[in-house]
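Student: What follows is a structure written as structure tokens; I'll ask about it next.
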Amino acid sequence: MKIHAPQITGSFIGNISGSSTSTGSFGHILKDGVNWDTAVSSSAATAGFGSGGGGGSSFTSAGISGSFTDASSSLASRITTREAFTTQSFSDGTATIISGSSTSTGSFGTYIGDGSQLTGISAGGFDYTSGSSPVVSTNPSSLGATWINTTSGEIFVAIDITADSNEWLGTAGTEVAPPVLINSGDRGVFSGDLNNNVIPIVYIDITTTGDAASFGELYNTNIYQQGACSNGTRGVFGGGYANYQNSMDYITIATTGDALDFGDLTQGREHLAGASNGARGVFAGGSTTTSQYSRQNTIDYITIATTGNATDFGDLTVRRDNLASAQGLTRALFAAGKDTSASLSFQNTIDYITIATTGNATDFGDLTGGINSPAGCSDNTTALFGGGSYWSSQNRIDYVTIATTANALDFGDLTVARSHAGAAANSTRGVFAGGYGSSANVDTIDYITIASTGNATDFGNLDVVRTSLAGLSGG
């Protein structure tokens with residue numbers, strides 16, 4: 001048995017394991033790293049432990065106190081020759097921490113304790129002790145909190161304590177962090193224009209403010225009112241008008257240039273919405289003719305990294321066009337739009353799907369009001385739906401928490417009331433570009449900080465006034 005002082009303070013209760021077969025001692029007594037029964041002289045040992053010699057003497061040292069009955073002529077001799085204690089009891093003053101006797105050769109071996117009665121430290125020096133590693137939803141009490149995985153022995157430190165999106169770094173190199181939203185990046189890309197037939201694609205740097213710059217041309221020309229999605233590297237624009245297209249174009253987001261042909265949707269339609277989980281892209285809703293009865297509930301999906309035709313995914317809860325979309329790490333949300341009623345009802349419905357699977361959409365909740373043609377964007381956590389029309393252009397921005405089904409809440413206002421805008425986001429900012437204002441198209445670009453509710457701020461301008469835009473981000 002080794003007693004280390006002053007590293008352990010407080011009471012420590014546990015089991016003594018080992019065997020005893022003949023005369024011996026409990027082992028060595030160490031103080032401040034010094035082995036007192038071999039490394040020091042008898043006089044130094046005696047001085048170090050207080051009064052020496054004779055039965056019944058007592059001694060104290062940092063972290064060790066107690067009494068003994070000496071079996072030999074002096075304490076110094078006892079320590080030097082490692083003679084056995086006849087009886088011994090070491091105590092912290094309130095509870096016995098080590099006790100026992102040895103009458104035969106051998107030692108009791110290792111002292112083992114569970115730490116349950118240690119005071120002045122927590123969980124052996126760690127804030128959290130578990131048989132497994134922490135996860136992103138493990139919410140520590142403070143930055144720098146420590147966690148030990150008692151199965152693997154790896155120690156983790158909390159380096160970001162954002163609620164339910166925490167980051168932990170392990171001593172073996174393990175990183176516990178929320179996945180980066182792959183379809184979110186710092187370059188925002190927009191295509192589309194209704195009145196001027198200005199089809200070239202434009203882009204912005206979301207991290208800064210400024211005007212949009214030219215990116216390239218669509219592969220299928222003279223198309224607008226599309227849906228869009230990306231995997232962070234490749235962006236895909238699907239459907240659109242003229243003549244209710246089923247075509248899809250794709251671009252490499254980091255490199256300006258003209259789009260290439262990707263494949264076809266299952267259905268030609270315009271005013272649809274697109275979303276992605278970084279691997280799979282989905283396109284939902286839209287209309288196939290000018291009739292209100294041609295509004296669709298179709299959801300298609302593609303694998304963004306591989307060109308080819310789309311496959312049927314399932315159906316929305318309501319047939320509609322002019323809807324907006326947003327996405328998280330696993331879910332896509334589709335909100336608002338015009339339904340099939342002859343009275344031109346504007347929807348407040350929000351649907352959601354799990355992008356990695358196929359199946360019909362499920363009701364998520366409602367926007368703060370029915371609306372047509374808003375624009376949607378999101379980070380990992382929060383989805384925003386801005387602008388739109390309810391007989392006249394609106395400036396309101398609604399938001400929801402993507403992981404939790406519920407009705408939307410008011411976020412703030414755009415700088416200009418408008419519908420048919422395009423939207424894109426990185427992990428911090430959402431931007432809303434162009435759209436149809438009170439009486440004409442606009443070239444306005446606004447931005448908001450997604451984590452903070454509030455009104456939008458002017459970002460810059462598009463190359464020209466545009467409406468019916470599709471937006472995506474990546475880089």
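For the structure tokens, the naming scheme is as follows: chains receive sequential letters (A, B, ...) according to their order of presentation, residues are indexed from 1 within each chain, and ligands are indexed from 1 in presentation order.
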Report as a VMD selection string all protein, DNA and RNA residues lying within 9 Å of Ile161 (chain A), evaluated on only C-alpha atoms, omitting residues in the same chain fewer than 3 positions from it.
Tutor: chain A and resid 139 to 144 158 164 to 168
Student: Taking into account only C-alpha atoms, which residue in the set A:Thr457, A:Asn309, A:Thr405, A:Thr467 is nearest to Gly435 (chain A)?
Tutor: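 The answer is A:Thr467, which sits nearest to Gly435 (chain A).
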Student: Quick one: residues within 10 Å of Trp391 (chain A), only C-alpha atoms counted, chain neighbours fewer than 5 positions away excluded, as a ChimeraX atom specification?
Tutor: /A:346,371-372
Student: Those residues with C-alpha atoms, as a PDB file, in the first residue's frame please?
Tutor:
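This went into result05.pdb:
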ATOM      1  CA  PHE A 346     -52.875  31.251 -49.369  1.00  0.00           C
ATOM      2  CA  ILE A 371     -48.872  33.665 -47.535  1.00  0.00           C
ATOM      3  CA  ASN A 372     -47.801  33.139 -51.134  1.00  0.00           C
TER       4      ASN A 372
END
Student: Which residues, written as a PyMOL selection string, have at least one atom at most 10 Å from Gly474 (chain A), with only C-alpha atoms counted and residues fewer than 4 positions away on the same chain left out?
Tutor: chain A and resi 181-189+229-235+252-254+424-426
Student: Apply DSSP to the backbone of this structure and, from region 222-400 of chain A, keep only the residues in strand (DSSP E); write these as a ChimeraX atom specification.
Tutor: /A:227-230,234-238,247-252,260-264,273-276,280-284,298-303,311-315,324-327,331-335,349-354,362-366,375-378,382-386,396-400
Student: May I ask which of the residues A:Val282, A:Thr349, A:Asp410, A:Phe156 is the closest one to Thr174 (chain A), counting only C-alpha atoms?
Tutor: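 Comparing A:Val282, A:Thr349, A:Asp410, A:Phe156 against Thr174 (chain A), the winner is A:Phe156.
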Student: Ranking A:Ala417, A:Ala213, A:Ile206, A:Ala423 by minimum distance to Ser439 (chain A) and counting only C-alpha atoms, which one comes first?
Tutor: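 Result for the nearest residue to Ser439 (chain A): A:Ala417.
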Student: Just the number, please: distance in Å from CA of Tyr241 (chain A) to CA of Tyr447 (chain A), one decimal.
Tutor: 27.5 Å
Student: Nearest to Phe215 (chain A) among A:Glu270, A:Val442, A:Thr162, A:Asp463, with distances taken over only C-alpha atoms: which residue is it?
Tutor: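 Once distances to Phe215 (chain A) are computed over only C-alpha atoms, the minimum belongs to A:Asp463.
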Student: One decimal, in Å: what's the spacing between CA of Ala145 (chain A) and CA of Thr382 (chain A)?
Tutor: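 A separation of 26.7 Å between them.
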Student: Between CA of Asn243 (chain A) and CA of Leu462 (chain A), measure the distance and give it in Å to one decimal.
Tutor: 25.9 Å
Student: Determine, counting only C-alpha atoms, which protein, DNA and RNA residues have an atom within 10 Å of an atom of Pro200 (chain A); residues of the same chain fewer than 4 positions away are not included. Present the result as a list in words.
Tutor: Phe190, Ser191, Gly192, Asp193, Ser214, Phe215, Gly216, Glu217, Leu218, Thr221, Asn222, Ile223, Asp258, Ala259 and Asp463 of chain A
Student: Hey, what's within 9 Å of Gly437 (chain A) if we count only C-alpha atoms and toss same-chain stuff fewer than 3 positions away? As a list of chain:residue names, please?
Tutor: A:Ser392, A:Ser393, A:Gln394, A:Val416, A:Ala417, A:Arg418, A:Ser419, A:Gly434, A:Ala440, A:Asn441, A:Val442
